[in-house]
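Quick notes on the structure that follows.
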Amino acid sequence: MIPAAFEYAKASSVDEAVKLLDRLGEDAKVLAGGHSLIPLMRLRLAQPKALVDINGIKGLDHIEVKGSKLHVGALARHVQIHSSQTVKESLPILAEVAAEVGDNQVRNMGTMGGVIAHGDAAGDYPTLALMLDADIVTNKRTIPARDFFKDIFTTALAANEIVTEVVFPVANGPHKYIKFRRRLFDWAIVGAAAQKVDGHWRVGLTNVGPTPVRAKAVEDALAKGAKPEEAAQHASDGLNPAGDLRASPEYKKHLARVLTKRAIEQAQ
Amino acid sequence: MAVSQLVGAKIHRREDPRLITGHGRYTDDLTRTGLVHLAVVRSPHAHARIKSIGVEAAKKSPGVLGVFTAQDFKDIIAGPATHPVAPVFAPDKKVNPPRYPIAREEVCYQGEPVAVVVAEQRYQAADAAQLVDVEYDPLPAVMEIEEAMKPGSPKAHTDQPDNIAWDATYVPWEATEEAFKTADVVVKQRILQRRLSPNAIESRVVMAEYDPFDKRLTMWMSTQNPHWIRLFVSGALGMGEHSVRVVSHDVGGGFGSKISPYPEDYLVPAVSKLVERPVKWTETRTEAVQNAYAGRGQIYDVEASAKKDGTLLGMRVTQLLDCGAYIGTFGAFQTCACLLAGGAYKWKAISSRSIGVLTNKITTDPYRGAGRPEATHVAERMIDLLAVELKMDPVELRRKNFPAKEEFPFTQNFGLVMDSGDYNASLDKALKLFGYDQMRREQAEARKQGKLVGIGLSTWIEICGLGPGAVTGPATGGVVLSESAQVKVHPAGGVSIYVGTHNHGQGNDTTHAQIAADALGVPIEQIDIRHGDTNEGPGFGYGTYGSRTLAVGGVAINRACAKVVEKGKKVAAHILEAAEEDIVFDQGKFHVKGAPDKSKAFGEVAFAAYGQLPAGLEQGLEAVAYFEPPNFVWPFGAHICAVEVDAETGNAQITKYVAVDDCGNIINPMIVDGQLHGGIAQSIGQALYEEMVYDQDGQLRSATFLDYTIPSMNEIPNIQLDRTITPSPTNELGVKGIGEAGTIAATAAIINAICDAVSPLGIKHVDMPATPDRLWNQIKEARK
């Protein structure tokens, strides 16, 4: 529980952060809320040579609607997202999901950009970003979420690339996210999200593979008029989740079907 | 001045403002001038031979004062005496591998110390520890109890004949032959008690300062029994107890895991001796999850029989106990489950046998309840299994077999004398509070709608208040588990009380003061309770565990106070110019019999006690008392739980929880309720969430709080408590114990409720922890 030695630098702008990353090289890590990175460092599972702290960068915690898009700044904390009237009105599923991330301490520190950049398939925001066709904006470019999450803890980000904001579509129709977990503050064993966008269901799954999953087969079945229960049977199509102490692969696939059915049925 | 009666009052815990506002002083909060820090290099393997230990790189690391291995401690720490094994069942002991605080040639569990690094700063010690280059030759690890019992199995220690630590039969199987032959129904069940990690929120910390000039050692540490540690450490380091001081003030939880000595308890003071600097070691959470002595880890094979009318006949219990790599100092205490498996019921005969098995895991030792939760779980599950077979309501089957109130003291099947009880009273009250009949009707309705709802009972009993010398003397190897207290009344009337028990969350600073305030008739504010410093108070203290602090330690305080009052009477007789036998002590005042106005307050007598006294009467107003209880005490109660199981996900939700408990007379109802809340929460942890999981190579997979899932406040339902009061005849306070009751009682109520919920599917038994994936699997199999 004692991290290895590392250098620390605090950036006051995105440009400065990028310069620091360029200078410190591939062994440097960006520090935002730190609630994934620091535990890994304390276990010495991560031993970055340097941390570039971006918490001092002003203007990266914006939450605003521009046209039909909701822009969420990389440094927007979970607590801001779940209490934001803008989010509640333009993308209520995101506010609800944010309210269920971790515990108070995590929600006070953890950030949108941090969750997205960490690329943990057990994270909740990546599922929403993927199923809603969000865009991940960095200091260099805009990456569609479908091209962003590459593999387990692996994203399209380059070593010196920093997420600046995530752009979601405005969607305030029927929606539901079911996060199945043992304890209130746990990650999802499996999560299922359903959101109606422009009259069509979008369905996403959390923690059922190396990356977040968009359940296209379920969406297609629903589009063809299948009942939620029938459509949800496709939630596990093509899944090959890894087992862990909480759930076997088979149980995860089962949960994907059950939770998808419930999410669609309970969507409001 | 009328002095209020404090015993029985719901007063706030005196220690709370300090602890809650962050002003507690835990060992890691303490420092010494010139302090250096120790890190332990541990075996990553469950079983391996050490080929070589390269220390050069670590020695050159910044800030490092030294790197030490077994070789360096050979002349400082005396051999395997560091980890004595209480000689319970000595004749049946078979394999008892010697344990050293640091591995010599072979490591036998993951986390066994191999080397220690001491450095100026904690971070430097941790960095240097990573540089110690240990070359291992991995050996096959034996991880499962039954695997370890097979002839030809890999051995947990290569130099031992096999893995059987003990094999003790308490009552042979022949004794129950009749009870099974004449039975109308027989049920058989294997019941698992999976390994639990105790996880005190304050991990262990040891700070030691050896003074090379005075040749004195002071240790500050997080322990439940500083005097025992002093005994062990002084012996191992070849020092007299008079030159070793162990201080253990604020301790953030123990749950049994801080009773027995640990390797670091020897290594830290030994290193202080080697480097001649004060040394501190603070256990990381990773180390705590891996190396704190684990709880449970048992398999029970049980048969029970009854007559058609519900009369219980026989029970046969085999306990297979996973000792881990070494027998715990008090590890064999858990075999008490074999003597208590009959629970609160009258059986014609019970046979039992315990087999202790060595594996390549951390040692198991007492964990909150230690043997009694297991016994309750066995008894209560078997009763429910019989009720199903007999088609009887589980309440009726229980009632039918309780000893009646009038039958106490009741001698149970193994000759233990249950001191007092009224099992129907607590059950009646619990049923009413729960709304049992209404809840059964609602259950019938819910079942019609296909819902899996269940109701489970646990009419638990326990044995606690360790303990009478006739039993504990032989079990510990000569030390009886009595308890001591010293009461010092200072000239101005302030009272300092030194207790041999320990406070690590039990609220003793409050309850002990309540007892003394009433016994001495002084305001509670005038009383200071001191624990946890071997340089203060009586010669020996026995510590806090086994729900003994009140029923043994509290009585010692009461008796020491009584001695003070007796002395006070002599002093009062002198200043009141009356005969000693005419002095009456009442509500803090000494007065002459028949003349209440002719009186002296306690403070006045205290002052006089240090002044001029007649010849033959010594100055001073203080006393020491030791109390050795004549028997154990036997709390009991009734817990009733309702659950709903989600058939699709396997998730079990507790929907109602009621507990009516009886711990005899009560000193502070709020503290009793707090103990029950905590104990029940911990029990919910075992029933639904917690399990130490190893892979087959002996790597702990549940090594963080992410994977070792302790429930939080959010997962604990509303718990409705009530009580009955059946005083204990074992001590003059009429008190029993309540520290472990919650963990002893609750798992059975929860699992019985889950079994009841899934019984329409034909499922008869569910093991702990009843996690959603396991329940879903069972439901799926049942539906095939």
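So you can find residues: chains in the structure tokens are A, B, ... in the order shown, residues in each start at 1, and ligands are numbered from 1 in order.
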Distance-based interface of chain A with chain B, 9 Å, counting only C-alpha atoms, as a CSV table (one decimal) with C-alpha atoms, in the first residue's frame:
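Generated file (result.csv):
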```csv
chain,number,residue,atom,x,y,z
A,1,MET,CA,0.0,0.0,0.0
A,2,ILE,CA,3.0,2.2,-0.4
A,3,PRO,CA,3.6,3.5,-3.9
A,4,ALA,CA,7.0,3.5,-5.5
A,5,ALA,CA,8.7,6.8,-6.0
A,43,LEU,CA,-0.5,-1.8,-4.7
A,182,ARG,CA,-23.3,-6.6,-4.2
A,183,ARG,CA,-22.6,-3.4,-2.4
A,184,LEU,CA,-23.9,0.0,-3.1
A,185,PHE,CA,-20.4,1.4,-3.8
A,186,ASP,CA,-19.1,-1.5,-5.9
A,187,TRP,CA,-18.5,-1.6,-9.6
A,245,LEU,CA,-14.8,-13.9,-7.9
A,246,ARG,CA,-18.3,-12.5,-8.2
A,247,ALA,CA,-19.5,-14.1,-11.3
A,248,SER,CA,-18.8,-16.9,-13.7
A,251,TYR,CA,-23.7,-16.0,-14.9
A,252,LYS,CA,-22.5,-12.8,-16.4
A,254,HIS,CA,-27.3,-14.6,-17.9
A,255,LEU,CA,-27.3,-11.3,-16.0
A,258,VAL,CA,-32.0,-10.5,-17.4
A,259,LEU,CA,-30.8,-6.9,-16.7
```
Next on the checklist: So the first atom is atom CA of B:Lys150 and the second is atom CA of B:Leu358; what is the distance between them in Å, to one decimal place?
Outcome noted: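 So the answer is 11.8 Å.
Pairwise distance (atom CA of A:Ala231, atom CA of A:Gly199) equals 16.3 Å.
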Checklist entry - Running DSSP on the backbone, which parts of stretch 118-195 of chain A land in alpha helix (DSSP H), as a PyMOL selection string? => result chain A and resi 118+125-131+145-148
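Ranking B:Ala572, B:Leu19, B:Ala370, B:Ile583 by their shortest atom-to-atom distance to B:Thr743, with only C-alpha atoms included, puts B:Ala370 first.
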Item to check | Spatial neighbours of B:Gly456, max dist 10 Å, only C-alpha atoms, sep filter under 6 positions, as a list in words | outcome: Glu380, Arg381, Asp384, Pro394, Val395, His639, Ile640, Cys641, Ala642, Val643, Tyr657, Ala746, Thr747, Ala748, Ala749, Ile750, Ile751, Asn752, Ala753, Ile754, Cys755, Asp756 and Ala757 of chain B
Checklist entry - Which residues come within 8 Å of B:Arg216, counting only C-alpha atoms, excluding same-chain residues fewer than 6 positions away, as number ranges by chain? => result B: 210, 243-244
Item to check | Residue contacts of A:Met109 (7 Å, only C-alpha atoms) excluding same-chain residues fewer than 3 positions away, as a list in words | outcome: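 Within the cut-off, the hits are Gly33, Arg77, Gln105 and Val106 of chain A.
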Checklist entry - Do you have the atom CA of B:Ile671-atom CA of B:Tyr423 distance handy? => result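 So the answer is 22.7 Å.
Among the candidate residues B:Asp133, B:Glu445, B:Asp250, B:Asp16, the one lying nearest to B:His502 is B:Asp250, with distances computed using only C-alpha atoms.
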Item to check | Surrounding residues of B:Ile666 excluding itself and chain neighbours under 4 positions, 12 Å, only C-alpha atoms, as a ChimeraX atom specification | outcome: /B:6-10,511,514-515,550-551,554,635,661-662,670-673,723-728,733-738
Next on the checklist: For stretch 464-478 of chain B, find every residue with an atom within 7 Å (counting only C-alpha atoms), except residues of its own chain fewer than 3 positions away, and show them as a PyMOL selection string.
Outcome noted: chain B and resi 86-88+481-482+546-548+551-552+628-634+736-737
Next on the checklist: For a quick check of understanding, using only C-alpha atoms, which of B:Lys93, B:Arg296, B:Arg190, B:Arg441 has the smallest distance to B:Ile362?
Outcome noted: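 So, comparing all the options, the nearest one is B:Arg296.
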Checklist entry - Per DSSP on the backbone, what are the strand (DSSP E) residues of stretch 168-252 of chain A, as an MDAnalysis selection string? => result chainID A and resid 168:169 175:180 190:197 200:206 213:214
How about saving the chosen residues, N, CA and C atoms kept, as a PDB file, in the first residue's frame?
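Now in selection_34.pdb:
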```
ATOM      1  N   PHE A 168     -22.015  14.074 -25.639  1.00  0.00           N
ATOM      2  CA  PHE A 168     -23.118  13.117 -25.740  1.00  0.00           C
ATOM      3  C   PHE A 168     -24.259  13.760 -26.536  1.00  0.00           C
ATOM      4  N   PRO A 169     -25.096  12.945 -27.163  1.00  0.00           N
ATOM      5  CA  PRO A 169     -26.316  13.517 -27.727  1.00  0.00           C
ATOM      6  C   PRO A 169     -27.293  13.850 -26.604  1.00  0.00           C
ATOM      7  N   HIS A 175     -35.523   5.818 -20.285  1.00  0.00           N
ATOM      8  CA  HIS A 175     -34.168   5.323 -20.057  1.00  0.00           C
ATOM      9  C   HIS A 175     -34.099   4.583 -18.728  1.00  0.00           C
ATOM     10  N   LYS A 176     -33.121   3.713 -18.634  1.00  0.00           N
ATOM     11  CA  LYS A 176     -32.881   3.025 -17.367  1.00  0.00           C
ATOM     12  C   LYS A 176     -31.476   2.419 -17.395  1.00  0.00           C
ATOM     13  N   TYR A 177     -30.780   2.569 -16.282  1.00  0.00           N
ATOM     14  CA  TYR A 177     -29.499   1.870 -16.132  1.00  0.00           C
ATOM     15  C   TYR A 177     -29.611   0.994 -14.905  1.00  0.00           C
ATOM     16  N   ILE A 178     -29.382  -0.288 -15.060  1.00  0.00           N
ATOM     17  CA  ILE A 178     -29.404  -1.191 -13.914  1.00  0.00           C
ATOM     18  C   ILE A 178     -27.982  -1.676 -13.667  1.00  0.00           C
ATOM     19  N   LYS A 179     -27.522  -1.340 -12.488  1.00  0.00           N
ATOM     20  CA  LYS A 179     -26.146  -1.687 -12.111  1.00  0.00           C
ATOM     21  C   LYS A 179     -26.246  -2.788 -11.073  1.00  0.00           C
ATOM     22  N   PHE A 180     -25.994  -4.008 -11.472  1.00  0.00           N
ATOM     23  CA  PHE A 180     -26.131  -5.133 -10.549  1.00  0.00           C
ATOM     24  C   PHE A 180     -24.821  -5.287  -9.796  1.00  0.00           C
ATOM     25  N   VAL A 190     -22.490  -6.779 -13.520  1.00  0.00           N
ATOM     26  CA  VAL A 190     -22.918  -6.516 -14.892  1.00  0.00           C
ATOM     27  C   VAL A 190     -23.839  -5.307 -14.823  1.00  0.00           C
ATOM     28  N   GLY A 191     -23.743  -4.429 -15.799  1.00  0.00           N
ATOM     29  CA  GLY A 191     -24.675  -3.312 -15.888  1.00  0.00           C
ATOM     30  C   GLY A 191     -25.374  -3.339 -17.233  1.00  0.00           C
ATOM     31  N   ALA A 192     -26.619  -2.893 -17.264  1.00  0.00           N
ATOM     32  CA  ALA A 192     -27.340  -2.818 -18.540  1.00  0.00           C
ATOM     33  C   ALA A 192     -28.024  -1.469 -18.627  1.00  0.00           C
ATOM     34  N   ALA A 193     -27.856  -0.832 -19.784  1.00  0.00           N
ATOM     35  CA  ALA A 193     -28.444   0.491 -19.998  1.00  0.00           C
ATOM     36  C   ALA A 193     -29.372   0.448 -21.201  1.00  0.00           C
ATOM     37  N   ALA A 194     -30.510   1.101 -21.052  1.00  0.00           N
ATOM     38  CA  ALA A 194     -31.423   1.237 -22.195  1.00  0.00           C
ATOM     39  C   ALA A 194     -31.828   2.703 -22.300  1.00  0.00           C
ATOM     40  N   GLN A 195     -31.762   3.232 -23.486  1.00  0.00           N
ATOM     41  CA  GLN A 195     -32.111   4.643 -23.684  1.00  0.00           C
ATOM     42  C   GLN A 195     -32.783   4.782 -25.049  1.00  0.00           C
ATOM     43  N   LYS A 196     -33.915   5.424 -25.064  1.00  0.00           N
ATOM     44  CA  LYS A 196     -34.571   5.666 -26.355  1.00  0.00           C
ATOM     45  C   LYS A 196     -34.031   6.968 -26.938  1.00  0.00           C
ATOM     46  N   VAL A 197     -33.524   6.887 -28.154  1.00  0.00           N
ATOM     47  CA  VAL A 197     -33.005   8.069 -28.861  1.00  0.00           C
ATOM     48  C   VAL A 197     -33.723   8.157 -30.204  1.00  0.00           C
ATOM     49  N   HIS A 200     -35.677   5.205 -31.231  1.00  0.00           N
ATOM     50  CA  HIS A 200     -35.017   3.892 -31.298  1.00  0.00           C
ATOM     51  C   HIS A 200     -34.295   3.582 -29.997  1.00  0.00           C
ATOM     52  N   TRP A 201     -34.346   2.306 -29.616  1.00  0.00           N
ATOM     53  CA  TRP A 201     -33.653   1.906 -28.389  1.00  0.00           C
ATOM     54  C   TRP A 201     -32.162   1.801 -28.632  1.00  0.00           C
ATOM     55  N   ARG A 202     -31.434   2.319 -27.647  1.00  0.00           N
ATOM     56  CA  ARG A 202     -29.996   2.051 -27.591  1.00  0.00           C
ATOM     57  C   ARG A 202     -29.781   1.201 -26.343  1.00  0.00           C
ATOM     58  N   VAL A 203     -28.982   0.156 -26.480  1.00  0.00           N
ATOM     59  CA  VAL A 203     -28.778  -0.746 -25.348  1.00  0.00           C
ATOM     60  C   VAL A 203     -27.270  -0.989 -25.160  1.00  0.00           C
ATOM     61  N   GLY A 204     -26.816  -0.829 -23.950  1.00  0.00           N
ATOM     62  CA  GLY A 204     -25.384  -1.027 -23.680  1.00  0.00           C
ATOM     63  C   GLY A 204     -25.174  -1.904 -22.449  1.00  0.00           C
ATOM     64  N   LEU A 205     -24.013  -2.532 -22.400  1.00  0.00           N
ATOM     65  CA  LEU A 205     -23.701  -3.434 -21.287  1.00  0.00           C
ATOM     66  C   LEU A 205     -22.331  -3.099 -20.679  1.00  0.00           C
ATOM     67  N   THR A 206     -22.282  -3.215 -19.386  1.00  0.00           N
ATOM     68  CA  THR A 206     -21.055  -2.920 -18.631  1.00  0.00           C
ATOM     69  C   THR A 206     -20.460  -4.210 -18.064  1.00  0.00           C
ATOM     70  N   VAL A 213     -19.840  -2.720 -24.119  1.00  0.00           N
ATOM     71  CA  VAL A 213     -20.512  -3.420 -25.223  1.00  0.00           C
ATOM     72  C   VAL A 213     -21.803  -2.697 -25.596  1.00  0.00           C
ATOM     73  N   ARG A 214     -21.992  -2.518 -26.891  1.00  0.00           N
ATOM     74  CA  ARG A 214     -23.288  -2.043 -27.359  1.00  0.00           C
ATOM     75  C   ARG A 214     -24.049  -3.262 -27.871  1.00  0.00           C
TER      76      ARG A 214
END
```
